[in-house]
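Here's structure_34.pdb, which has PDB, C-alpha atoms:
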ATOM      1  CA  MET A 366     166.189  -8.683 142.594
ATOM      2  CA  GLN A 367     167.941  -5.353 142.092
ATOM      3  CA  ARG A 368     168.379  -3.619 145.448
ATOM      4  CA  ILE A 369     168.879  -0.170 143.958
ATOM      5  CA  THR A 370     167.846   1.475 147.232
ATOM      6  CA  GLU A 371     170.871  -0.185 148.876
ATOM      7  CA  ALA A 372     173.307   0.468 146.007
ATOM      8  CA  ASN A 373     176.384   2.562 146.704
ATOM      9  CA  SER A 374     176.038   6.297 146.265
ATOM     10  CA  LYS A 375     177.758   7.599 143.151
ATOM     11  CA  TYR A 376     179.322  10.268 145.362
ATOM     12  CA  ARG A 377     182.455   9.451 147.378
ATOM     13  CA  HIS A 378     184.072  10.982 150.449
ATOM     14  CA  LEU A 379     181.070  13.069 151.471
ATOM     15  CA  GLU A 380     182.863  14.122 154.638
ATOM     16  CA  LYS A 381     185.453  15.965 152.513
ATOM     17  CA  MET A 382     182.851  18.028 150.645
ATOM     18  CA  SER A 383     182.121  21.624 151.562
ATOM     19  CA  ILE A 384     178.640  22.501 152.788
ATOM     20  CA  GLY A 385     177.902  24.051 149.410
ATOM     21  CA  GLU A 386     179.016  20.923 147.563
ATOM     22  CA  VAL A 387     176.865  18.680 149.759
ATOM     23  CA  LEU A 388     173.812  20.856 149.189
ATOM     24  CA  GLN A 389     174.386  21.117 145.434
ATOM     25  CA  ASN A 390     174.825  17.367 145.068
ATOM     26  CA  ILE A 391     171.733  16.548 147.120
ATOM     27  CA  ASN A 392     169.748  18.990 145.012
ATOM     28  CA  GLN A 393     171.123  17.464 141.821
ATOM     29  CA  GLU A 394     169.947  14.023 142.917
ATOM     30  CA  ASP A 395     166.535  15.335 143.994
ATOM     31  CA  LYS A 396     165.904  16.776 140.521
ATOM     32  CA  GLY A 397     165.448  13.284 139.126
ATOM     33  CA  VAL A 398     162.655  12.302 141.510
ATOM     34  CA  PRO A 399     159.723  13.955 139.677
ATOM     35  CA  TYR A 400     160.923  12.380 136.424
ATOM     36  CA  ALA A 401     160.925   8.932 138.065
ATOM     37  CA  VAL A 402     157.373   9.565 139.291
ATOM     38  CA  GLU A 403     156.385  10.583 135.762
ATOM     39  CA  GLN A 404     157.529   7.200 134.471
ATOM     40  CA  ALA A 405     155.107   5.540 136.899
ATOM     41  CA  LEU A 406     152.013   7.642 136.076
ATOM     42  CA  LEU A 407     150.090   4.859 134.346
ATOM     43  CA  SER A 408     150.592   2.576 137.355
ATOM     44  CA  ILE A 409     149.522   5.340 139.720
ATOM     45  CA  GLN A 410     146.438   5.960 137.577
ATOM     46  CA  ALA A 411     145.427   2.296 137.699
ATOM     47  CA  LEU A 412     145.743   2.271 141.491
ATOM     48  CA  VAL A 413     143.806   5.518 141.936
ATOM     49  CA  GLU A 414     140.980   4.443 139.623
ATOM     50  CA  ASN A 415     140.399   1.344 141.706
ATOM     51  CA  VAL A 416     140.698   3.210 145.011
ATOM     52  CA  VAL A 417     138.066   5.684 143.802
ATOM     53  CA  ASN A 418     135.714   2.885 142.769
ATOM     54  CA  LYS A 419     136.060   1.184 146.140
ATOM     55  CA  MET A 420     135.579   4.387 148.119
ATOM     56  CA  LYS A 421     132.519   5.367 146.109
ATOM     57  CA  GLU A 422     131.024   2.074 147.275
ATOM     58  CA  GLY A 423     131.784   2.880 150.919
ATOM     59  CA  GLY A 424     135.269   1.410 151.209
ATOM     60  CA  ARG A 425     138.287   2.920 152.938
ATOM     61  CA  LEU A 426     141.902   3.511 151.954
ATOM     62  CA  PHE A 427     144.613   2.121 154.218
ATOM     63  CA  TYR A 428     148.347   2.802 154.097
ATOM     64  CA  ILE A 429     150.707   0.412 155.873
ATOM     65  CA  GLY A 430     154.449   0.875 156.263
ATOM     66  CA  ALA A 431     157.425   0.829 158.599
ATOM     67  CA  GLY A 432     159.836   3.602 159.528
ATOM     68  CA  THR A 433     159.885   6.552 157.128
ATOM     69  CA  SER A 434     157.416   4.853 154.790
ATOM     70  CA  GLY A 435     154.929   4.352 157.604
ATOM     71  CA  ARG A 436     155.314   7.936 158.770
ATOM     72  CA  LEU A 437     154.664   9.247 155.265
ATOM     73  CA  GLY A 438     151.477   7.194 155.056
ATOM     74  CA  ILE A 439     150.281   8.542 158.398
ATOM     75  CA  LEU A 440     151.097  12.089 157.297
ATOM     76  CA  ASP A 441     149.086  11.784 154.102
ATOM     77  CA  ALA A 442     146.131  10.158 155.871
ATOM     78  CA  SER A 443     146.112  12.699 158.713
ATOM     79  CA  GLU A 444     145.908  15.626 156.290
ATOM     80  CA  CYS A 445     142.750  14.399 154.547
ATOM     81  CA  PRO A 446     140.181  15.307 157.258
ATOM     82  CA  PRO A 447     141.242  18.948 157.745
ATOM     83  CA  THR A 448     141.893  19.540 154.046
ATOM     84  CA  TYR A 449     138.802  17.884 152.620
ATOM     85  CA  GLY A 450     136.442  17.685 155.591
ATOM     86  CA  VAL A 451     136.192  13.903 155.411
ATOM     87  CA  PRO A 452     135.786  11.544 158.386
ATOM     88  CA  PRO A 453     139.071  10.316 159.894
ATOM     89  CA  ASP A 454     138.255   6.725 158.933
ATOM     90  CA  TRP A 455     138.177   7.358 155.181
ATOM     91  CA  VAL A 456     141.975   7.289 154.844
ATOM     92  CA  ILE A 457     143.936   5.503 157.567
ATOM     93  CA  GLY A 458     147.699   5.300 158.031
ATOM     94  CA  ILE A 459     149.217   2.453 160.034
ATOM     95  CA  ILE A 460     152.884   2.151 161.039
ATOM     96  CA  ALA A 461     154.736  -0.920 162.304
ATOM     97  CA  GLY A 462     155.189  -0.481 166.041
ATOM     98  CA  GLY A 463     152.186   1.780 166.550
ATOM     99  CA  GLU A 464     152.146   5.404 167.682
ATOM    100  CA  THR A 465     155.509   5.126 169.427
ATOM    101  CA  ALA A 466     157.120   4.410 166.057
ATOM    102  CA  ILE A 467     155.916   7.732 164.647
ATOM    103  CA  ARG A 468     158.599   9.558 166.646
ATOM    104  CA  LYS A 469     161.251   6.935 167.258
ATOM    105  CA  ALA A 470     162.243   3.539 165.938
ATOM    106  CA  VAL A 471     160.649   0.448 167.464
ATOM    107  CA  GLU A 472     163.131  -2.409 167.262
ATOM    108  CA  PHE A 473     162.239  -5.265 164.919
ATOM    109  CA  ALA A 474     158.644  -4.069 164.435
ATOM    110  CA  GLU A 475     159.106  -4.104 160.664
ATOM    111  CA  ASP A 476     160.272  -7.732 160.801
ATOM    112  CA  ASN A 477     157.068  -8.991 162.434
ATOM    113  CA  GLN A 478     155.168 -10.931 159.762
ATOM    114  CA  GLN A 479     151.835 -11.106 161.604
ATOM    115  CA  LEU A 480     151.662  -7.593 162.998
ATOM    116  CA  ALA A 481     150.251  -5.762 159.954
ATOM    117  CA  TRP A 482     147.232  -8.045 159.697
ATOM    118  CA  GLN A 483     146.627  -7.673 163.420
ATOM    119  CA  ASP A 484     146.792  -3.899 163.053
ATOM    120  CA  LEU A 485     144.361  -3.959 160.120
ATOM    121  CA  GLN A 486     141.916  -6.229 161.937
ATOM    122  CA  ALA A 487     141.596  -3.581 164.642
ATOM    123  CA  TYR A 488     139.805  -1.507 161.976
ATOM    124  CA  TYR A 489     137.600  -4.420 160.857
ATOM    125  CA  ILE A 490     139.280  -4.510 157.466
ATOM    126  CA  ASN A 491     137.062  -6.062 154.778
ATOM    127  CA  PRO A 492     136.870  -6.587 150.975
ATOM    128  CA  GLN A 493     135.323  -3.152 150.470
ATOM    129  CA  ASP A 494     138.637  -1.586 151.469
ATOM    130  CA  VAL A 495     141.972  -1.039 149.714
ATOM    131  CA  VAL A 496     145.351  -1.483 151.400
ATOM    132  CA  VAL A 497     148.452   0.196 149.959
ATOM    133  CA  GLY A 498     151.791  -1.016 151.258
ATOM    134  CA  ILE A 499     154.594   1.548 151.313
ATOM    135  CA  ALA A 500     158.151   0.197 151.332
ATOM    136  CA  ALA A 501     161.097   1.833 149.584
ATOM    137  CA  SER A 502     163.041  -1.438 149.506
ATOM    138  CA  GLY A 503     159.969  -3.515 148.734
ATOM    139  CA  THR A 504     161.242  -6.168 151.130
ATOM    140  CA  THR A 505     159.787  -5.108 154.485
ATOM    141  CA  PRO A 506     158.210  -8.236 156.095
ATOM    142  CA  TYR A 507     155.557  -6.209 157.962
ATOM    143  CA  VAL A 508     154.266  -4.778 154.693
ATOM    144  CA  ILE A 509     154.733  -7.812 152.450
ATOM    145  CA  HIS A 510     152.911 -10.230 154.724
ATOM    146  CA  GLY A 511     150.238  -7.646 155.443
ATOM    147  CA  LEU A 512     149.465  -7.393 151.736
ATOM    148  CA  GLU A 513     149.715 -11.156 151.269
ATOM    149  CA  THR A 514     147.122 -11.750 153.994
ATOM    150  CA  CYS A 515     144.889  -9.057 152.525
ATOM    151  CA  GLN A 516     144.921 -10.808 149.161
ATOM    152  CA  LYS A 517     144.074 -14.122 150.807
ATOM    153  CA  ASN A 518     141.056 -12.409 152.358
ATOM    154  CA  GLY A 519     139.836 -10.837 149.123
ATOM    155  CA  ILE A 520     141.052  -7.314 149.900
ATOM    156  CA  MET A 521     142.435  -5.195 147.062
ATOM    157  CA  THR A 522     146.077  -4.206 147.445
ATOM    158  CA  GLY A 523     148.551  -1.720 146.026
ATOM    159  CA  CYS A 524     152.116  -0.764 146.803
ATOM    160  CA  ILE A 525     154.661   2.025 146.413
ATOM    161  CA  THR A 526     158.259   0.830 146.131
ATOM    162  CA  CYS A 527     161.544   2.122 144.715
ATOM    163  CA  ASN A 528     163.099  -1.201 143.724
ATOM    164  CA  PRO A 529     162.100  -2.839 140.419
ATOM    165  CA  GLY A 530     160.728  -6.343 140.791
ATOM    166  CA  ALA A 531     160.757  -6.186 144.582
ATOM    167  CA  PRO A 532     158.969  -9.000 146.496
ATOM    168  CA  ILE A 533     156.185  -6.611 147.534
ATOM    169  CA  VAL A 534     155.067  -6.363 143.892
ATOM    170  CA  ASP A 535     153.942 -10.010 143.967
ATOM    171  CA  TYR A 536     151.338  -9.135 146.610
ATOM    172  CA  ALA A 537     150.087  -5.870 145.114
ATOM    173  CA  ASP A 538     147.185  -5.945 142.667
ATOM    174  CA  PHE A 539     148.228  -2.454 141.585
ATOM    175  CA  PRO A 540     151.960  -1.950 142.132
ATOM    176  CA  VAL A 541     153.672   1.417 141.722
ATOM    177  CA  GLU A 542     157.420   1.270 141.169
ATOM    178  CA  VAL A 543     159.250   4.617 141.284
ATOM    179  CA  ILE A 544     162.908   3.962 140.505
ATOM    180  CA  VAL A 545     164.902   6.924 141.809
ATOM    181  CA  GLY A 546     168.316   5.229 141.899
ATOM    182  CA  PRO A 547     170.914   5.085 144.678
ATOM    183  CA  GLU A 548     170.680   7.610 147.488
ATOM    184  CA  PHE A 549     173.195  10.418 148.073
ATOM    185  CA  VAL A 550     174.008   8.762 151.399
ATOM    186  CA  THR A 551     174.038   5.053 150.638
ATOM    187  CA  GLY A 552     170.817   3.390 151.769
ATOM    188  CA  SER A 553     169.268   6.544 153.266
ATOM    189  CA  THR A 554     165.850   6.029 151.711
ATOM    190  CA  ARG A 555     164.316   8.909 153.647
ATOM    191  CA  MET A 556     165.896  11.050 150.928
ATOM    192  CA  LYS A 557     165.004  10.440 147.250
ATOM    193  CA  ALA A 558     162.861   7.372 147.899
ATOM    194  CA  GLY A 559     160.993   9.160 150.674
ATOM    195  CA  THR A 560     160.451  12.189 148.443
ATOM    196  CA  ALA A 561     159.105   9.952 145.675
ATOM    197  CA  GLN A 562     156.741   8.217 148.074
ATOM    198  CA  LYS A 563     155.486  11.577 149.353
ATOM    199  CA  LEU A 564     154.825  12.789 145.814
ATOM    200  CA  VAL A 565     152.907   9.635 144.928
ATOM    201  CA  LEU A 566     150.872   9.762 148.138
ATOM    202  CA  ASN A 567     149.993  13.391 147.427
ATOM    203  CA  MET A 568     148.813  12.361 143.971
ATOM    204  CA  ILE A 569     146.747   9.457 145.268
ATOM    205  CA  SER A 570     144.901  11.267 148.051
ATOM    206  CA  THR A 571     144.399  14.502 146.116
ATOM    207  CA  THR A 572     143.035  12.765 143.018
ATOM    208  CA  VAL A 573     140.803  10.506 145.106
ATOM    209  CA  MET A 574     139.323  13.461 146.984
ATOM    210  CA  ILE A 575     138.703  15.386 143.767
ATOM    211  CA  GLN A 576     136.954  12.365 142.284
ATOM    212  CA  LEU A 577     134.852  12.010 145.437
ATOM    213  CA  GLY A 578     133.597  15.576 145.024
ATOM    214  CA  ARG A 579     135.563  17.219 147.812
ATOM    215  CA  VAL A 580     136.902  19.979 145.529
ATOM    216  CA  LEU A 581     134.888  22.544 143.551
ATOM    217  CA  ASP A 582     136.750  24.173 140.654
ATOM    218  CA  ASN A 583     140.152  24.291 142.368
ATOM    219  CA  LYS A 584     138.964  25.102 145.882
ATOM    220  CA  MET A 585     138.829  23.048 149.094
ATOM    221  CA  ILE A 586     135.198  23.758 149.879
ATOM    222  CA  ASP A 587     134.991  21.233 152.720
ATOM    223  CA  MET A 588     138.137  22.236 154.616
ATOM    224  CA  LYS A 589     137.807  22.514 158.371
ATOM    225  CA  LEU A 590     137.854  26.084 159.638
ATOM    226  CA  SER A 591     140.428  25.295 162.288
ATOM    227  CA  ASN A 592     142.408  28.540 162.280
ATOM    228  CA  LYS A 593     142.266  32.176 161.169
ATOM    229  CA  LYS A 594     144.132  31.490 157.939
ATOM    230  CA  LEU A 595     141.564  28.924 156.817
ATOM    231  CA  VAL A 596     138.652  31.142 157.831
ATOM    232  CA  GLU A 597     140.152  33.908 155.706
ATOM    233  CA  ARG A 598     140.700  31.513 152.802
ATOM    234  CA  GLY A 599     137.092  30.359 152.983
ATOM    235  CA  THR A 600     135.889  33.954 153.194
ATOM    236  CA  LYS A 601     137.782  34.902 150.037
ATOM    237  CA  ILE A 602     136.294  31.942 148.191
ATOM    238  CA  LEU A 603     132.804  33.155 149.044
ATOM    239  CA  VAL A 604     133.622  36.764 148.178
ATOM    240  CA  ASN A 605     134.708  35.688 144.692
ATOM    241  CA  ALA A 606     131.996  33.077 144.161
ATOM    242  CA  LEU A 607     129.019  35.080 145.427
ATOM    243  CA  LYS A 608     130.246  38.624 144.727
ATOM    244  CA  ILE A 609     129.442  39.776 148.247
ATOM    245  CA  PRO A 610     131.353  41.980 150.723
ATOM    246  CA  HIS A 611     134.101  40.441 152.856
ATOM    247  CA  ASP A 612     132.268  40.854 156.177
ATOM    248  CA  GLU A 613     129.097  39.263 154.828
ATOM    249  CA  ALA A 614     131.075  36.381 153.357
ATOM    250  CA  ARG A 615     132.830  35.742 156.669
ATOM    251  CA  GLN A 616     129.537  35.846 158.541
ATOM    252  CA  ARG A 617     127.943  33.332 156.177
ATOM    253  CA  LEU A 618     130.986  31.066 156.354
ATOM    254  CA  LEU A 619     130.958  30.940 160.138
ATOM    255  CA  HIS A 620     127.188  30.520 160.234
ATOM    256  CA  TYR A 621     127.102  27.529 157.889
ATOM    257  CA  GLY A 622     130.407  26.055 159.038
ATOM    258  CA  SER A 623     131.965  25.488 155.614
ATOM    259  CA  VAL A 624     132.326  26.953 152.159
ATOM    260  CA  ARG A 625     130.138  24.181 150.794
ATOM    261  CA  GLY A 626     127.422  24.896 153.355
ATOM    262  CA  ALA A 627     127.389  28.596 152.508
ATOM    263  CA  LEU A 628     127.292  27.923 148.771
ATOM    264  CA  GLU A 629     124.466  25.409 149.078
ATOM    265  CA  ALA A 630     122.434  27.778 151.277
ATOM    266  CA  HIS A 631     122.913  30.487 148.663
ATOM    267  CA  GLN A 632     121.582  28.185 145.947
ATOM    268  CA  VAL A 633     118.534  27.351 148.039
ATOM    269  CA  THR A 634     117.845  31.056 148.541
ATOM    270  CA  LEU A 635     118.068  31.680 144.802
ATOM    271  CA  LYS A 636     115.599  28.890 144.063
ATOM    272  CA  GLU A 637     113.097  30.264 146.586
ATOM    273  CA  LYS A 638     113.087  33.690 144.961
TER     274      LYS A 638
END
Would you mind writing the file's structure down as structure tokens?
Amino acid sequence: MQRITEANSKYRHLEKMSIGEVLQNINQEDKGVPYAVEQALLSIQALVENVVNKMKEGGRLFYIGAGTSGRLGILDASECPPTYGVPPDWVIGIIAGGETAIRKAVEFAEDNQQLAWQDLQAYYINPQDVVVGIAASGTTPYVIHGLETCQKNGIMTGCITCNPGAPIVDYADFPVEVIVGPEFVTGSTRMKAGTAQKLVLNMISTTVMIQLGRVLDNKMIDMKLSNKKLVERGTKILVNALKIPHDEARQRLLHYGSVRGALEAHQVTLKEK
């Protein structure tokens, strides 16, 4: 197996570079990440199509990972409820070592081969669900054995990795391989690999939510009104959609609790006239 994520950086003597040189070289490397994601679009599409089908039938989407990969999964999952107004158990991120590992490393958690399945069982994982393993190296025992056990129990699996032909691929029904090459700092996969994983996760969750009807036109009509900025955003959506004054739009938004609620109430009123 090619361990590209562990290959030596093509840059030498980083400590002798000026700050400007370091920044320019990091940026140069980062430019290739979207292209690498582009090469994986068909694989991402296959994964998303099957996630959508499962979730339309009542299933859930799980991300499992260790270290940076686990944190990225948790980040993506945690942003779905406020952005799309969905329940917190629709998309769930799990990291090796639990909540402590979100902020600091938990020694050897990623090497535990039974832990991922134990973590998933706490959510009563079942064949309606989909589990996506995130591992830049594609060799993380926590993730690999989690996916392997899922497959043995009839649960659909996917993965996001940055090494071609990594072991994790053997246990993913829908593997996504984003080959970004060696890191600027050798082996520091929080850099290009992490960026690639974040881009793919954004694509997965955003496309899934659009397909599940949580976006109208290009607007987040189910977003939670959790701060002034979001209240103002929702108000502007209603002003433009209903052609009503700003104050009236804000009043309707707060009364119905969401853009969707205000729009649906407006449609009901129109039908009654």
Residues near segment 557-572 of chain A, anyone? I mean within 7 Å using only C-alpha atoms, not counting same-chain ones fewer than 2 positions away, as a VMD selection string. chain A and resid 395 398 402 413 434 437 441 501 525 527 543 545 548 554 to 555 574 to 576
For this file, the PyMOL selection byres ((chain A and resi 549) around 9) selects which residues, as a ChimeraX atom specification? /A:373-376,379,390-391,394,547-548,550-553,556-557
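Separating atom CA of Tyr489 of chain A from atom CA of Lys517 of chain A is a distance of 15.4 Å.
Atom CA of Ile457 of chain A is found 20.2 Å from atom CA of Ala470 of chain A.
Taking atom CA of Ala487 of chain A and atom CA of Gly463 of chain A as endpoints, the distance between them is 12.0 Å.
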Residues within 12 Å of Pro453 of chain A, please, as a list in words. Count all atoms listed in the file; anything in the same chain fewer than 6 positions from it doesn't count. Arg425, Leu426, Phe427, Ile439, Asp441, Ala442, Ser443, Glu444, Cys445, Pro446 and Pro447 of chain A
Using the chain letters and numbers from the file, which residues does the PyMOL selection byres ((chain A and resi 628) around 12) grab, as a PDB file with C-alpha atoms, in the coordinates of the input?
ATOM      1  CA  LEU A 581     134.888  22.544 143.551  1.00  0.00           C
ATOM      2  CA  ILE A 586     135.198  23.758 149.879  1.00  0.00           C
ATOM      3  CA  ASP A 587     134.991  21.233 152.720  1.00  0.00           C
ATOM      4  CA  GLY A 599     137.092  30.359 152.983  1.00  0.00           C
ATOM      5  CA  THR A 600     135.889  33.954 153.194  1.00  0.00           C
ATOM      6  CA  ILE A 602     136.294  31.942 148.191  1.00  0.00           C
ATOM      7  CA  LEU A 603     132.804  33.155 149.044  1.00  0.00           C
ATOM      8  CA  VAL A 604     133.622  36.764 148.178  1.00  0.00           C
ATOM      9  CA  ASN A 605     134.708  35.688 144.692  1.00  0.00           C
ATOM     10  CA  ALA A 606     131.996  33.077 144.161  1.00  0.00           C
ATOM     11  CA  LEU A 607     129.019  35.080 145.427  1.00  0.00           C
ATOM     12  CA  LYS A 608     130.246  38.624 144.727  1.00  0.00           C
ATOM     13  CA  ALA A 614     131.075  36.381 153.357  1.00  0.00           C
ATOM     14  CA  ARG A 617     127.943  33.332 156.177  1.00  0.00           C
ATOM     15  CA  LEU A 618     130.986  31.066 156.354  1.00  0.00           C
ATOM     16  CA  HIS A 620     127.188  30.520 160.234  1.00  0.00           C
ATOM     17  CA  TYR A 621     127.102  27.529 157.889  1.00  0.00           C
ATOM     18  CA  GLY A 622     130.407  26.055 159.038  1.00  0.00           C
ATOM     19  CA  SER A 623     131.965  25.488 155.614  1.00  0.00           C
ATOM     20  CA  VAL A 624     132.326  26.953 152.159  1.00  0.00           C
ATOM     21  CA  ARG A 625     130.138  24.181 150.794  1.00  0.00           C
ATOM     22  CA  GLY A 626     127.422  24.896 153.355  1.00  0.00           C
ATOM     23  CA  ALA A 627     127.389  28.596 152.508  1.00  0.00           C
ATOM     24  CA  GLU A 629     124.466  25.409 149.078  1.00  0.00           C
ATOM     25  CA  ALA A 630     122.434  27.778 151.277  1.00  0.00           C
ATOM     26  CA  HIS A 631     122.913  30.487 148.663  1.00  0.00           C
ATOM     27  CA  GLN A 632     121.582  28.185 145.947  1.00  0.00           C
ATOM     28  CA  VAL A 633     118.534  27.351 148.039  1.00  0.00           C
ATOM     29  CA  THR A 634     117.845  31.056 148.541  1.00  0.00           C
ATOM     30  CA  LEU A 635     118.068  31.680 144.802  1.00  0.00           C
TER      31      LEU A 635
END
Quick one: residues within 8 Å of Val496 of chain A, all atoms listed in the file counted, chain neighbours fewer than 2 positions away excluded, as a ChimeraX atom specification? /A:426-429,494,498,512,515,520-523
Quick one: what's the axis-aligned box for segment 387-399 of chain A, all listed atoms, 4 Å on every side, centre and edges in Å to one decimal, as JSON?
{"center_x": 168.3, "center_y": 16.7, "center_z": 144.4, "size_x": 25.1, "size_y": 16.8, "size_z": 18.6}
Given all atoms listed in the file as the counted atoms, nearest of A:Ala405, A:Ile460, A:Leu577, A:Met588 to Lys421 of chain A: A:Leu577
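Each of A:Val497, A:Val573, A:Ile609, A:Leu619 was compared to Val451 of chain A using all atoms listed in the file, and A:Val573 turns out to be the nearest.
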Name the residues that the PyMOL selection byres ((chain A and resi 531) around 7) pulls out of this structure, and write them as a list of chain:residue names. A:Met366, A:Gly503, A:Thr504, A:Asn528, A:Pro529, A:Gly530, A:Pro532, A:Ile533, A:Val534
List every protein, DNA or RNA residue that has an atom no more than 6 Å from (148.8, -9.6, 146.4) in the file's coordinate frame, counting only C-alpha atoms, and report them as a PyMOL selection string. chain A and resi 512-513+516+535-538
Given all atoms listed in the file as the counted atoms, nearest of A:Pro399, A:Gly458, A:Gly430, A:Gly435 to Ile509 of chain A: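 Of the candidates, the smallest distance to Ile509 of chain A is held by A:Gly430.
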